[in-house]
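Structure file model-v9.cif with mmCIF, C-alpha atoms:
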data_structure
#
loop_
_atom_site.label_atom_id
_atom_site.label_comp_id
_atom_site.auth_asym_id
_atom_site.auth_seq_id
_atom_site.Cartn_x
_atom_site.Cartn_y
_atom_site.Cartn_z
CA MET T 1 17.15 -10.49 -21.84
CA ASN T 2 14.40 -9.45 -24.25
CA THR T 3 11.31 -7.47 -23.41
CA PRO T 4 8.14 -9.23 -24.66
CA GLN T 5 6.61 -7.29 -27.51
CA SER T 6 3.04 -8.06 -26.45
CA THR T 7 3.20 -5.93 -23.32
CA ASP T 8 2.98 -2.21 -23.85
CA HIS T 9 2.82 -1.16 -20.18
CA SER T 10 6.55 -0.57 -19.80
CA SER T 11 7.29 2.56 -21.76
CA PRO T 12 5.44 5.83 -21.14
CA LYS T 13 4.04 7.30 -24.34
CA LYS T 14 4.09 10.93 -25.34
CA VAL T 15 0.91 12.59 -24.11
CA THR T 16 -1.04 14.49 -26.74
CA LYS T 17 -4.03 16.76 -26.36
CA GLN T 18 -6.27 14.01 -27.71
CA ARG T 19 -4.76 11.54 -25.23
CA ILE T 20 -5.50 13.89 -22.34
CA ARG T 21 -9.11 14.18 -23.44
CA LEU T 22 -9.51 10.41 -23.56
CA LEU T 23 -7.98 9.98 -20.12
CA GLU T 24 -10.34 12.26 -18.26
CA GLN T 25 -11.95 10.50 -15.33
CA SER T 26 -15.45 9.21 -15.90
CA ALA T 27 -17.84 6.58 -14.62
CA ALA T 28 -16.78 4.16 -17.38
CA VAL T 29 -15.77 0.74 -16.08
CA SER T 30 -14.33 -0.87 -19.22
CA GLY T 31 -10.67 -1.74 -19.30
CA GLN T 32 -10.21 -2.26 -15.57
CA PHE T 33 -7.03 -3.89 -14.34
CA SER T 34 -8.50 -7.40 -14.29
CA ASP T 35 -8.76 -7.13 -18.09
CA VAL T 36 -5.15 -5.94 -18.33
CA LEU T 37 -3.89 -8.73 -16.09
CA GLU T 38 -5.84 -11.38 -17.98
CA ASN T 39 -4.97 -10.27 -21.51
CA HIS T 40 -1.65 -8.42 -21.40
CA LEU T 41 0.43 -9.42 -18.37
CA ASN T 42 2.07 -12.78 -17.80
CA TRP T 43 3.42 -14.03 -14.46
CA GLU T 44 6.05 -16.28 -16.06
CA GLU T 45 7.30 -13.53 -18.38
CA PHE T 46 7.73 -11.11 -15.51
CA GLY T 47 9.53 -13.86 -13.60
CA SER T 48 11.95 -14.32 -16.49
CA TRP T 49 12.63 -10.58 -16.53
CA CYS T 50 13.73 -10.73 -12.90
CA LYS T 51 15.59 -14.04 -13.18
CA ASN T 52 17.50 -13.27 -16.37
CA ALA T 53 18.44 -9.64 -15.70
CA THR T 54 22.07 -8.86 -16.42
CA THR T 55 24.55 -6.30 -15.13
CA ARG T 56 24.04 -4.37 -18.34
CA ASP T 57 20.27 -4.30 -17.79
CA VAL T 58 20.80 -2.90 -14.29
CA GLU T 59 23.23 -0.24 -15.46
CA GLN T 60 20.86 0.82 -18.25
CA ALA T 61 18.01 1.01 -15.74
CA LEU T 62 20.06 3.18 -13.39
CA ALA T 63 20.97 5.52 -16.24
CA SER T 64 17.45 5.73 -17.66
CA ARG T 65 15.55 8.91 -16.86
CA LYS T 66 12.11 7.27 -17.27
CA LYS T 67 12.04 3.81 -15.76
CA THR T 68 9.99 1.09 -17.48
CA LEU T 69 8.59 -2.10 -15.97
CA PHE T 70 11.57 -3.86 -17.54
CA ASP T 71 13.91 -1.45 -15.71
CA PHE T 72 12.07 -2.02 -12.44
CA ALA T 73 12.41 -5.80 -12.83
CA ALA T 74 16.15 -5.38 -13.38
CA LEU T 75 16.52 -3.16 -10.30
CA ILE T 76 14.93 -5.75 -8.00
CA SER T 77 16.81 -8.68 -9.51
CA GLU T 78 19.80 -10.56 -8.11
CA ALA T 79 21.96 -8.76 -10.67
CA ALA T 80 21.21 -5.42 -9.01
CA LYS T 81 22.47 -6.35 -5.54
CA PRO T 82 26.04 -5.04 -6.13
CA TYR T 83 24.49 -1.66 -7.08
CA LEU T 84 22.54 -1.21 -3.85
CA MET T 85 24.55 1.76 -2.55
CA GLU T 86 24.08 3.62 -5.83
CA MET T 87 20.35 2.84 -5.70
CA ILE T 88 20.15 4.19 -2.14
CA THR T 89 21.96 7.39 -3.16
CA GLN T 90 19.66 7.99 -6.13
CA SER T 91 16.59 7.14 -4.07
CA GLU T 92 17.47 9.58 -1.30
CA ARG T 93 18.14 12.33 -3.82
CA LEU T 94 14.83 11.80 -5.63
CA THR T 95 12.89 11.65 -2.37
CA MET T 96 14.40 14.92 -1.16
CA GLN T 97 13.65 16.61 -4.48
CA ARG T 98 10.02 15.54 -4.52
CA PHE T 99 8.99 15.38 -0.83
CA GLY T 100 11.56 17.57 0.88
CA ASN T 101 13.09 16.97 4.26
CA THR T 102 9.96 15.44 5.80
CA VAL T 103 8.34 12.21 6.97
CA SER T 104 4.60 12.02 7.70
CA LEU T 105 3.20 10.10 10.66
CA PHE T 106 -0.21 8.46 10.94
CA ALA T 107 -2.06 6.22 13.38
CA PRO T 108 -3.99 3.11 12.30
CA LEU T 109 -7.22 2.60 14.25
CA TYR T 110 -8.84 -0.83 14.13
CA LEU T 111 -12.60 -0.28 14.35
CA SER T 112 -13.48 -3.98 14.30
CA ASN T 113 -11.83 -7.40 14.15
CA THR T 114 -15.06 -9.12 13.10
CA CYS T 115 -14.47 -10.83 9.77
CA ALA T 116 -16.35 -13.25 7.49
CA ASN T 117 -13.25 -14.20 5.47
CA GLU T 118 -11.02 -17.23 5.89
CA CYS T 119 -7.48 -16.05 5.13
CA THR T 120 -4.52 -18.23 6.05
CA TYR T 121 -2.19 -15.38 7.09
CA CYS T 122 -4.47 -13.15 9.15
CA GLY T 123 -5.28 -13.17 12.85
CA PHE T 124 -8.79 -11.87 12.13
CA SER T 125 -9.63 -14.97 10.04
CA MET T 126 -13.14 -16.16 10.92
CA SER T 127 -12.01 -19.62 12.12
CA ASN T 128 -9.62 -18.20 14.72
CA ALA T 129 -11.08 -18.42 18.22
CA ILE T 130 -10.47 -14.84 19.30
CA LYS T 131 -12.67 -12.32 21.02
CA ARG T 132 -14.51 -10.18 18.46
CA LEU T 133 -15.15 -6.48 19.03
CA THR T 134 -16.64 -3.64 17.00
CA LEU T 135 -16.18 -0.20 18.51
CA SER T 136 -19.28 1.71 19.55
CA ALA T 137 -19.69 5.47 19.13
CA GLU T 138 -18.66 6.00 22.74
CA GLN T 139 -15.56 3.84 22.36
CA ILE T 140 -14.64 5.67 19.17
CA ASP T 141 -14.79 9.01 21.00
CA CYS T 142 -12.36 7.61 23.59
CA GLU T 143 -10.02 6.35 20.86
CA ILE T 144 -10.10 9.71 19.08
CA ALA T 145 -9.18 11.54 22.27
CA ALA T 146 -6.32 9.11 22.98
CA ILE T 147 -4.92 9.34 19.46
CA LYS T 148 -5.19 13.13 19.30
CA SER T 149 -3.36 13.40 22.63
CA LYS T 150 -0.35 11.81 20.94
CA GLY T 151 -0.26 14.52 18.27
CA PHE T 152 -1.67 12.66 15.27
CA ASP T 153 -3.64 14.54 12.63
CA SER T 154 -3.76 11.69 10.09
CA ILE T 155 -5.65 8.47 10.81
CA LEU T 156 -6.17 5.17 8.97
CA LEU T 157 -9.41 3.33 9.80
CA VAL T 158 -9.13 -0.46 9.52
CA THR T 159 -11.72 -3.23 9.85
CA GLY T 160 -12.17 -6.90 9.11
CA GLU T 161 -14.43 -7.71 6.17
CA THR T 162 -18.04 -8.47 7.03
CA ASN T 163 -21.50 -7.24 6.15
CA LYS T 164 -21.98 -6.45 9.83
CA VAL T 165 -19.34 -3.71 9.55
CA SER T 166 -20.04 -2.15 6.18
CA MET T 167 -21.57 0.97 4.64
CA PRO T 168 -24.23 1.68 7.31
CA TYR T 169 -21.52 1.52 9.99
CA PHE T 170 -19.05 3.59 7.93
CA GLU T 171 -21.66 6.27 7.22
CA LYS T 172 -22.39 6.47 10.93
CA VAL T 173 -18.81 6.73 12.23
CA LEU T 174 -16.99 8.83 9.61
CA PRO T 175 -18.62 12.09 10.78
CA GLN T 176 -17.08 11.38 14.21
CA PHE T 177 -13.57 11.39 12.79
CA LYS T 178 -13.52 14.17 10.23
CA PRO T 179 -13.69 17.11 12.68
CA ALA T 180 -10.66 15.70 14.53
CA PHE T 181 -8.35 14.75 11.66
CA SER T 182 -7.29 16.58 8.51
CA GLN T 183 -6.37 13.31 6.76
CA LEU T 184 -8.87 10.42 6.90
CA SER T 185 -7.96 7.12 5.22
CA MET T 186 -9.61 3.71 5.18
CA GLU T 187 -8.43 0.12 4.72
CA VAL T 188 -11.64 -1.89 4.69
CA GLN T 189 -13.46 -4.35 2.44
CA PRO T 190 -13.72 -3.40 -1.26
CA LEU T 191 -16.79 -1.33 -2.04
CA GLU T 192 -18.69 -0.06 -5.04
CA SER T 193 -17.69 3.20 -6.69
CA SER T 194 -20.92 4.83 -5.51
CA ASP T 195 -20.07 3.82 -1.93
CA TYR T 196 -16.63 5.40 -2.18
CA LYS T 197 -18.25 8.56 -3.55
CA ARG T 198 -20.64 8.63 -0.60
CA LEU T 199 -17.81 8.19 1.91
CA GLN T 200 -15.85 10.93 0.17
CA SER T 201 -18.78 13.29 0.83
CA LEU T 202 -18.39 12.39 4.53
CA GLY T 203 -14.72 13.35 4.56
CA LEU T 204 -12.82 10.33 3.23
CA ASP T 205 -9.48 11.30 1.63
CA ALA T 206 -7.71 8.02 0.85
CA VAL T 207 -8.42 4.32 0.42
CA LEU T 208 -5.92 1.47 0.70
CA VAL T 209 -6.73 -1.90 -0.88
CA TYR T 210 -3.90 -4.42 -0.85
CA GLN T 211 -4.20 -7.21 -3.41
CA GLU T 212 -1.96 -9.51 -1.28
CA THR T 213 -0.76 -11.36 -4.43
CA TYR T 214 -1.39 -10.94 -8.15
CA ARG T 215 -1.07 -14.66 -8.86
CA ARG T 216 -4.64 -15.96 -9.02
CA GLN T 217 -3.84 -19.55 -8.05
CA THR T 218 -1.88 -18.48 -4.96
CA TYR T 219 -4.56 -15.95 -4.05
CA LEU T 220 -7.26 -18.64 -4.04
CA GLU T 221 -5.08 -20.97 -1.96
CA HIS T 222 -4.91 -18.39 0.83
CA HIS T 223 -8.42 -16.88 0.63
CA LEU T 224 -10.61 -19.86 1.31
CA ARG T 225 -14.01 -18.37 2.15
CA GLY T 226 -15.79 -15.03 2.21
CA ASN T 227 -16.04 -12.10 -0.18
CA LYS T 228 -12.27 -11.70 -0.27
CA SER T 229 -12.02 -14.95 -2.23
CA ASN T 230 -13.36 -13.00 -5.25
CA PHE T 231 -10.02 -12.23 -6.91
CA ASN T 232 -11.27 -9.90 -9.66
CA TYR T 233 -13.56 -7.88 -7.42
CA ARG T 234 -10.66 -7.02 -5.14
CA LEU T 235 -8.30 -6.49 -8.06
CA ASP T 236 -10.60 -3.88 -9.61
CA ALA T 237 -11.30 -2.03 -6.35
CA PRO T 238 -8.61 0.62 -7.07
CA ASP T 239 -10.33 1.31 -10.41
CA ARG T 240 -13.60 1.89 -8.58
CA ILE T 241 -11.81 4.13 -6.07
CA GLY T 242 -10.36 6.14 -8.94
CA GLN T 243 -13.75 6.40 -10.66
CA ALA T 244 -15.12 7.88 -7.44
CA GLY T 245 -12.44 10.58 -7.52
CA ILE T 246 -10.85 9.68 -4.18
CA HIS T 247 -7.83 11.87 -3.46
CA LYS T 248 -5.34 9.03 -2.81
CA ILE T 249 -5.23 5.33 -3.71
CA GLY T 250 -2.95 2.92 -1.85
CA LEU T 251 -1.56 -0.36 -3.24
CA GLY T 252 0.33 -3.21 -1.61
CA VAL T 253 1.17 -6.90 -1.75
CA LEU T 254 1.87 -9.19 1.18
CA LEU T 255 5.56 -9.87 0.62
CA GLY T 256 6.24 -13.57 0.93
CA LEU T 257 2.83 -14.92 -0.05
CA ASP T 258 4.30 -15.72 -3.47
CA ASP T 259 7.45 -14.65 -5.34
CA TRP T 260 7.93 -11.13 -4.01
CA ARG T 261 9.80 -9.95 -7.10
CA ILE T 262 7.09 -10.95 -9.58
CA ASP T 263 4.31 -9.63 -7.33
CA SER T 264 6.16 -6.31 -7.12
CA VAL T 265 6.46 -5.99 -10.90
CA MET T 266 2.76 -6.78 -11.20
CA MET T 267 2.00 -4.05 -8.68
CA ALA T 268 4.16 -1.62 -10.64
CA ALA T 269 2.10 -2.44 -13.74
CA HIS T 270 -1.06 -1.86 -11.69
CA LEU T 271 0.23 1.53 -10.58
CA ARG T 272 0.95 2.60 -14.16
CA HIS T 273 -2.52 1.49 -15.24
CA LEU T 274 -4.15 3.57 -12.50
CA GLN T 275 -1.94 6.63 -13.09
CA LYS T 276 -2.97 6.74 -16.74
CA ARG T 277 -6.69 6.47 -15.99
CA TYR T 278 -7.05 8.38 -12.72
CA TRP T 279 -4.34 10.99 -13.00
CA ARG T 280 -6.06 13.39 -10.61
CA SER T 281 -5.46 11.00 -7.72
CA ARG T 282 -2.27 10.54 -5.71
CA PHE T 283 -0.85 7.08 -5.12
CA SER T 284 0.97 5.26 -2.36
CA VAL T 285 2.64 1.87 -2.05
CA ALA T 286 3.37 -0.21 1.04
CA PHE T 287 5.70 -3.12 1.79
CA PRO T 288 4.11 -5.43 4.41
CA ARG T 289 6.05 -8.62 5.06
CA ILE T 290 4.28 -11.65 6.51
CA ARG T 291 4.33 -11.33 10.30
CA PRO T 292 3.40 -13.85 13.00
CA CYS T 293 -0.31 -13.97 13.85
CA GLU T 294 -2.92 -16.34 15.28
CA GLY T 295 -3.14 -19.31 12.90
CA GLY T 296 -0.58 -17.78 10.52
CA ILE T 297 1.67 -19.29 7.84
CA GLN T 298 5.32 -19.29 6.88
CA PRO T 299 6.39 -17.18 3.86
CA LYS T 300 6.67 -18.97 0.53
CA SER T 301 9.23 -16.45 -0.68
CA VAL T 302 11.37 -14.90 2.05
CA ILE T 303 12.53 -11.34 1.47
CA SER T 304 15.55 -10.36 3.58
CA ASP T 305 16.15 -6.93 5.08
CA LYS T 306 18.70 -6.16 2.38
CA GLU T 307 16.31 -7.26 -0.35
CA LEU T 308 13.54 -5.12 1.14
CA ILE T 309 15.89 -2.14 0.98
CA GLN T 310 16.59 -3.00 -2.65
CA LEU T 311 12.86 -3.20 -3.38
CA MET T 312 12.09 0.12 -1.70
CA THR T 313 14.86 2.00 -3.50
CA ALA T 314 13.79 0.43 -6.80
CA TRP T 315 10.26 1.75 -6.22
CA ARG T 316 11.56 5.26 -5.66
CA LEU T 317 13.68 5.09 -8.82
CA PHE T 318 10.68 3.73 -10.74
CA ASP T 319 8.37 6.54 -9.62
CA ALA T 320 9.63 9.68 -7.92
CA ASP T 321 6.10 10.87 -7.12
CA VAL T 322 4.61 7.81 -5.42
CA GLU T 323 4.28 7.94 -1.64
CA MET T 324 5.97 5.07 0.19
CA SER T 325 4.70 3.86 3.56
CA LEU T 326 6.35 1.63 6.16
CA SER T 327 4.43 0.19 9.09
CA THR T 328 5.39 -1.01 12.55
CA ARG T 329 5.60 -4.55 11.15
CA GLU T 330 9.28 -3.68 10.69
CA SER T 331 11.81 -3.37 13.50
CA ALA T 332 12.83 -0.08 15.08
CA GLU T 333 16.35 -0.47 13.71
CA PHE T 334 15.15 -1.10 10.17
CA ARG T 335 12.73 1.81 10.25
CA LYS T 336 15.45 4.12 11.52
CA HIS T 337 17.46 3.58 8.35
CA ALA T 338 14.49 3.24 6.01
CA ILE T 339 14.11 7.01 5.79
CA ARG T 340 17.12 6.99 3.46
CA PHE T 341 15.48 4.43 1.18
CA GLY T 342 12.59 6.58 -0.01
CA VAL T 343 10.00 6.21 2.75
CA THR T 344 7.73 9.25 3.09
CA THR T 345 5.11 7.98 5.55
CA MET T 346 5.24 5.88 8.73
CA SER T 347 2.84 4.62 11.33
CA ALA T 348 3.85 4.99 14.96
CA GLU T 349 2.80 3.44 18.30
CA SER T 350 0.37 1.28 16.33
CA LYS T 351 -2.27 -0.90 17.94
CA THR T 352 -3.59 -3.71 15.76
CA GLN T 353 -6.58 -4.52 17.94
CA PRO T 354 -9.85 -2.60 18.41
CA GLY T 355 -9.77 -0.28 21.40
CA GLY T 356 -6.01 -0.42 21.70
CA TYR T 357 -5.29 3.27 22.32
CA ALA T 358 -7.74 4.24 25.04
CA GLU T 359 -7.63 0.97 26.97
CA ASP T 360 -5.34 -2.01 27.42
CA ALA T 361 -7.02 -4.41 25.00
CA LYS T 362 -6.02 -8.05 25.07
CA GLU T 363 -3.33 -9.21 22.63
CA ALA T 364 -5.70 -11.97 21.44
CA LEU T 365 -7.59 -9.28 19.54
CA GLU T 366 -4.59 -8.44 17.33
CA GLN T 367 -4.45 -8.89 13.56
CA PHE T 368 -0.68 -9.45 13.63
CA GLU T 369 2.30 -8.83 15.90
CA ILE T 370 4.01 -5.48 15.59
CA SER T 371 7.79 -5.22 15.73
CA ASP T 372 8.40 -1.53 16.42
CA ASP T 373 6.50 -0.82 19.64
CA ARG T 374 8.15 2.51 20.48
CA SER T 375 6.05 5.48 21.53
CA VAL T 376 5.19 8.16 19.00
CA HIS T 377 7.51 10.47 20.96
CA ASP T 378 10.43 8.09 20.43
CA VAL T 379 9.63 7.60 16.74
CA SER T 380 9.43 11.36 16.24
CA ASN T 381 12.82 11.81 17.92
CA MET T 382 14.28 9.07 15.73
CA ILE T 383 13.07 10.83 12.58
CA ARG T 384 14.60 14.11 13.71
CA GLN T 385 17.87 12.38 14.56
CA GLN T 386 17.98 11.20 10.96
CA GLY T 387 17.86 14.82 9.83
CA ARG T 388 14.17 14.87 8.89
CA GLU T 389 11.18 16.86 10.07
CA VAL T 390 7.97 15.23 11.26
CA VAL T 391 4.79 16.17 9.39
CA TRP T 392 1.53 15.62 11.25
CA LYS T 393 -0.82 17.15 8.69
CA ASP T 394 -0.51 15.55 5.27
CA TRP T 395 -2.73 17.95 3.33
CA ASP T 396 -5.86 20.07 3.60
CA PRO T 397 -9.19 19.59 1.79
CA ALA T 398 -9.00 23.25 0.81
CA LEU T 399 -6.25 22.22 -1.61
CA ARG T 400 -8.64 20.16 -3.75
#
Written form, structure tokens:
Amino acid sequence: MNTPQSTDHSSPKKVTKQRIRLLEQSAAVSGQFSDVLENHLNWEEFGSWCKNATTRDVEQALASRKKTLFDFAALISEAAKPYLMEMITQSERLTMQRFGNTVSLFAPLYLSNTCANECTYCGFSMSNAIKRLTLSAEQIDCEIAAIKSKGFDSILLVTGETNKVSMPYFEKVLPQFKPAFSQLSMEVQPLESSDYKRLQSLGLDAVLVYQETYRRQTYLEHHLRGNKSNFNYRLDAPDRIGQAGIHKIGLGVLLGLDDWRIDSVMMAAHLRHLQKRYWRSRFSVAFPRIRPCEGGIQPKSVISDKELIQLMTAWRLFDADVEMSLSTRESAEFRKHAIRFGVTTMSAESKTQPGGYAEDAKEALEQFEISDDRSVHDVSNMIRQQGREVVWKDWDPALR
């Protein structure tokens, strides 16, 4: 199994003073990840790394102090399956060293399910005949009160993608949230760097933009209409977030949309690209598997529970500093054990429809079905039973 010589994104280079000066964040937009993907990364090559990995490759990866993309590919390959217990042990040790004996909890709040995109896997897709709702200021106040009553101090704001729910709406509602929550994150349509900078001035701490898949052909097959069909614009959104100086950038692929192994290696390359350019920001990764939804699809590449564990532990071994998040898409039983696999952040008692916390909104408003529907009280008790402490406040702006 030979590493292609044309790709230099695997091995970290020694950082010199000159290198540090060149890597300082700026408004420059050259060299964004779309350029890297187009000119330096190859889907088929990454696939061969995963397919042709040997026992020796896995053992070398486990022994390596600094994991390369090649090591990561070996750790998520079929050849690594017999080494899963060793991967779990190393992952748990690294997580404890870096993040301590803690797991953070957050609540996702869906502000709107109005969407102008046609995506084959999403319940918000514009062709689905569901009731559309965008929360008003009064409804938002009710949601804030309901979420705060459950103990949350970290919130993720989520919307569909439409011009009707865009910057004017975000600028209006963010000041409602910041006084109530110390950690304010968003998962909305990709924006311009200047927009992210503006939202940061209103209290925004983190932005999540999931690419869904890094294979352009597959991406276009599943994003049929709307702004989300612009592959490069979405792909370069994390660069624009980094240029704005946002505190944390979140990445993710929709596991099962295409080959989950190759997509994961691509995302690892994306992470390394961002870390080199926007080193002042923190980074997180998530592992959403395709879940049932209105008008949804079947996975092209099924990832089993055991393989998801393998993937999560490989991520922790690849990067000890990256935050790892697991949503209520996964079952209660899986999430109970996932704490050992490197997870540092979880959602709890999630509602995937607008107005789901303060009132009993109809299921037809949902983006996807959740699997773990336990109360935040039960999730907190589960975390403590696993020997961890629950963290409600992720960080404080005073630490900037």
From T:Ile290, T:Ala320, T:Ile383, T:Met346, residue lying nearest Cys122 in chain T [all atoms listed in the file]
T:Ile290
For CA of Phe70 in chain T and CA of Trp49 in chain T, determine how far apart the two atoms are, in Å to one decimal place.
6.9 Å
Write out as a PyMOL selection string which residues come within 8 Å of range 98-104 of chain T when counting only C-alpha atoms, dropping same-chain ones fewer than 3 positions away.
chain T and resi 94-95+320-321+339+343-346+383+387-394
Residues within 7 Å of Phe181 in chain T, only C-alpha atoms, excluding chain neighbours under 6 positions, as a PyMOL selection string
chain T and resi 153-155
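Residue nearest Cys50 in chain T within the list T:Ile309, T:Ala74, T:Ala63, T:Leu37: T:Ala74 [criterion: smallest interatomic distance, all atoms listed in the file].
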Nearest-residue call for Pro108 in chain T, choices T:Leu271, T:Leu133, T:Ala237, T:Ile147, using all atoms listed in the file:
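For Pro108 in chain T, the nearest of the given residues is T:Ile147.
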Which residues come within 8 Å of Lys351 in chain T, counting all atoms listed in the file, excluding same-chain residues fewer than 4 positions away, as a list of chain:residue names?
T:Pro108, T:Leu109, T:Tyr110, T:Gly356, T:Tyr357, T:Glu366
Between range 224-317 of chain T and range 203-216 of chain T, at 8 Å or less, what are the per-residue closest atom pairs and their distances in Å? Count all atoms listed in the file, order by chain and rising residue number, and return it as JSON lines.
{"residue": "T:Phe231", "atom": "CA", "partner": "T:Arg216", "partner_atom": "CA", "distance": 6.9}
{"residue": "T:Arg234", "atom": "CA", "partner": "T:Gln211", "partner_atom": "CA", "distance": 6.7}
{"residue": "T:Leu235", "atom": "CA", "partner": "T:Gln211", "partner_atom": "CA", "distance": 6.2}
{"residue": "T:Ala237", "atom": "CA", "partner": "T:Val209", "partner_atom": "CA", "distance": 7.1}
{"residue": "T:Pro238", "atom": "CA", "partner": "T:Val209", "partner_atom": "CA", "distance": 6.9}
{"residue": "T:Ile241", "atom": "CA", "partner": "T:Val207", "partner_atom": "CA", "distance": 7.3}
{"residue": "T:Ile246", "atom": "CA", "partner": "T:Ala206", "partner_atom": "CA", "distance": 6.2}
{"residue": "T:His247", "atom": "CA", "partner": "T:Asp205", "partner_atom": "CA", "distance": 5.4}
{"residue": "T:Lys248", "atom": "CA", "partner": "T:Ala206", "partner_atom": "CA", "distance": 4.5}
{"residue": "T:Ile249", "atom": "CA", "partner": "T:Val207", "partner_atom": "CA", "distance": 5.3}
{"residue": "T:Gly250", "atom": "CA", "partner": "T:Leu208", "partner_atom": "CA", "distance": 4.2}
{"residue": "T:Leu251", "atom": "CA", "partner": "T:Tyr210", "partner_atom": "CA", "distance": 5.3}
{"residue": "T:Gly252", "atom": "CA", "partner": "T:Tyr210", "partner_atom": "CA", "distance": 4.5}
{"residue": "T:Val253", "atom": "CA", "partner": "T:Glu212", "partner_atom": "CA", "distance": 4.1}
{"residue": "T:Leu254", "atom": "CA", "partner": "T:Glu212", "partner_atom": "CA", "distance": 4.6}
{"residue": "T:Leu255", "atom": "CA", "partner": "T:Glu212", "partner_atom": "CA", "distance": 7.8}
{"residue": "T:Leu257", "atom": "CA", "partner": "T:Thr213", "partner_atom": "CA", "distance": 6.7}
{"residue": "T:Asp258", "atom": "CA", "partner": "T:Thr213", "partner_atom": "CA", "distance": 6.7}
{"residue": "T:Asp263", "atom": "CA", "partner": "T:Tyr214", "partner_atom": "CA", "distance": 5.9}
{"residue": "T:Met266", "atom": "CA", "partner": "T:Tyr214", "partner_atom": "CA", "distance": 6.6}
{"residue": "T:Met267", "atom": "CA", "partner": "T:Tyr214", "partner_atom": "CA", "distance": 7.7}
I need the chosen residues saved as a JSON list (two decimals), in the frame of the given file, with C-alpha atoms.
[["chain", "number", "residue", "atom", "x", "y", "z"],
["T", 231, "PHE", "CA", -10.02, -12.23, -6.91],
["T", 234, "ARG", "CA", -10.66, -7.02, -5.14],
["T", 235, "LEU", "CA", -8.30, -6.49, -8.06],
["T", 237, "ALA", "CA", -11.30, -2.03, -6.35],
["T", 238, "PRO", "CA", -8.61, 0.62, -7.07],
["T", 241, "ILE", "CA", -11.81, 4.13, -6.07],
["T", 246, "ILE", "CA", -10.85, 9.68, -4.18],
["T", 247, "HIS", "CA", -7.83, 11.87, -3.46],
["T", 248, "LYS", "CA", -5.34, 9.03, -2.81],
["T", 249, "ILE", "CA", -5.23, 5.33, -3.71],
["T", 250, "GLY", "CA", -2.95, 2.92, -1.85],
["T", 251, "LEU", "CA", -1.56, -0.36, -3.24],
["T", 252, "GLY", "CA", 0.33, -3.21, -1.61],
["T", 253, "VAL", "CA", 1.17, -6.90, -1.75],
["T", 254, "LEU", "CA", 1.87, -9.19, 1.18],
["T", 255, "LEU", "CA", 5.56, -9.87, 0.62],
["T", 257, "LEU", "CA", 2.83, -14.92, -0.05],
["T", 258, "ASP", "CA", 4.30, -15.72, -3.47],
["T", 263, "ASP", "CA", 4.31, -9.63, -7.33],
["T", 266, "MET", "CA", 2.76, -6.78, -11.20],
["T", 267, "MET", "CA", 2.00, -4.05, -8.68]]
Calculated over only C-alpha atoms, which of the candidates T:Ser91, T:Ser48, T:Asn227, T:Ser64 has the smallest distance to Cys115 in chain T?
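Among the listed residues, T:Asn227 lies closest to Cys115 in chain T.
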Please list as a short mmCIF file (atom, residue, chain, number, x, y, z; two decimals) with C-alpha atoms, keeping the file's coordinate frame every residue within 10 Å of Gln60 in chain T, counting all atoms listed in the file and excluding residues in the same chain fewer than 4 positions away.
data_model
loop_
_atom_site.label_atom_id
_atom_site.label_comp_id
_atom_site.auth_asym_id
_atom_site.auth_seq_id
_atom_site.Cartn_x
_atom_site.Cartn_y
_atom_site.Cartn_z
CA THR T 54 22.07 -8.86 -16.42
CA THR T 55 24.55 -6.30 -15.13
CA ARG T 56 24.04 -4.37 -18.34
CA SER T 64 17.45 5.73 -17.66
CA ARG T 65 15.55 8.91 -16.86
CA LYS T 67 12.04 3.81 -15.76
CA ASP T 71 13.91 -1.45 -15.71
CA ALA T 74 16.15 -5.38 -13.38
CA LEU T 75 16.52 -3.16 -10.30
#
State, in Å with one decimal place, the distance from CA of Met85 in chain T to CA of Phe334 in chain T.
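Separation of CA of Met85 in chain T and CA of Phe334 in chain T: 16.1 Å.
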To test your reading of the syntax: which residues would the PyMOL selection byres ((chain T and resi 328) around 6) return for the file shown? Reply as a CSV table (one decimal) with C-alpha atoms, in the coordinates of the input.
chain,number,residue,atom,x,y,z
T,327,SER,CA,4.4,0.2,9.1
T,329,ARG,CA,5.6,-4.6,11.2
T,330,GLU,CA,9.3,-3.7,10.7
T,370,ILE,CA,4.0,-5.5,15.6
T,371,SER,CA,7.8,-5.2,15.7
T,372,ASP,CA,8.4,-1.5,16.4
Identify which of the residues T:Glu171, T:Glu161, T:Glu187, T:Glu307 lies closest to Ser201 in chain T, counting only C-alpha atoms when measuring atom-to-atom distances.
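Smallest separation from Ser201 in chain T among the options: T:Glu171.
For the pair CA of Tyr219 in chain T and CA of Lys276 in chain T, the separation is 26.0 Å.
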Could you list, as a VMD selection string, every residue matched by the PyMOL selection byres ((chain T and resi 135-137) around 8) in this structure?
chain T and resid 111 to 112 133 to 134 138 to 141 173 354 to 355
Can you tell me, as a list in words, which residues sit within 6 Å of (8.2, -18.5, -0.5) in the file's frame, using all atoms listed in the file?
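Protein and nucleic acid residues near the point are Gly256, Asp258, Pro299, Lys300, Ser301 and Val302 of chain T.
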Using only C-alpha atoms for the distances, tell me which of T:Phe72, T:Tyr121, T:Phe33, T:Phe46 is nearest to Gln298 in chain T.
T:Tyr121
Report as a list in words the residues that result from applying the PyMOL selection byres ((chain T and resi 86) around 12) to the structure here.
Val58, Glu59, Ala61, Leu62, Ala63, Leu75, Ala80, Lys81, Pro82, Tyr83, Leu84, Met85, Met87, Ile88, Thr89, Gln90, Ser91, Glu92, Arg93, Gln310, Thr313, Ala314, Leu317 and Phe341 of chain T
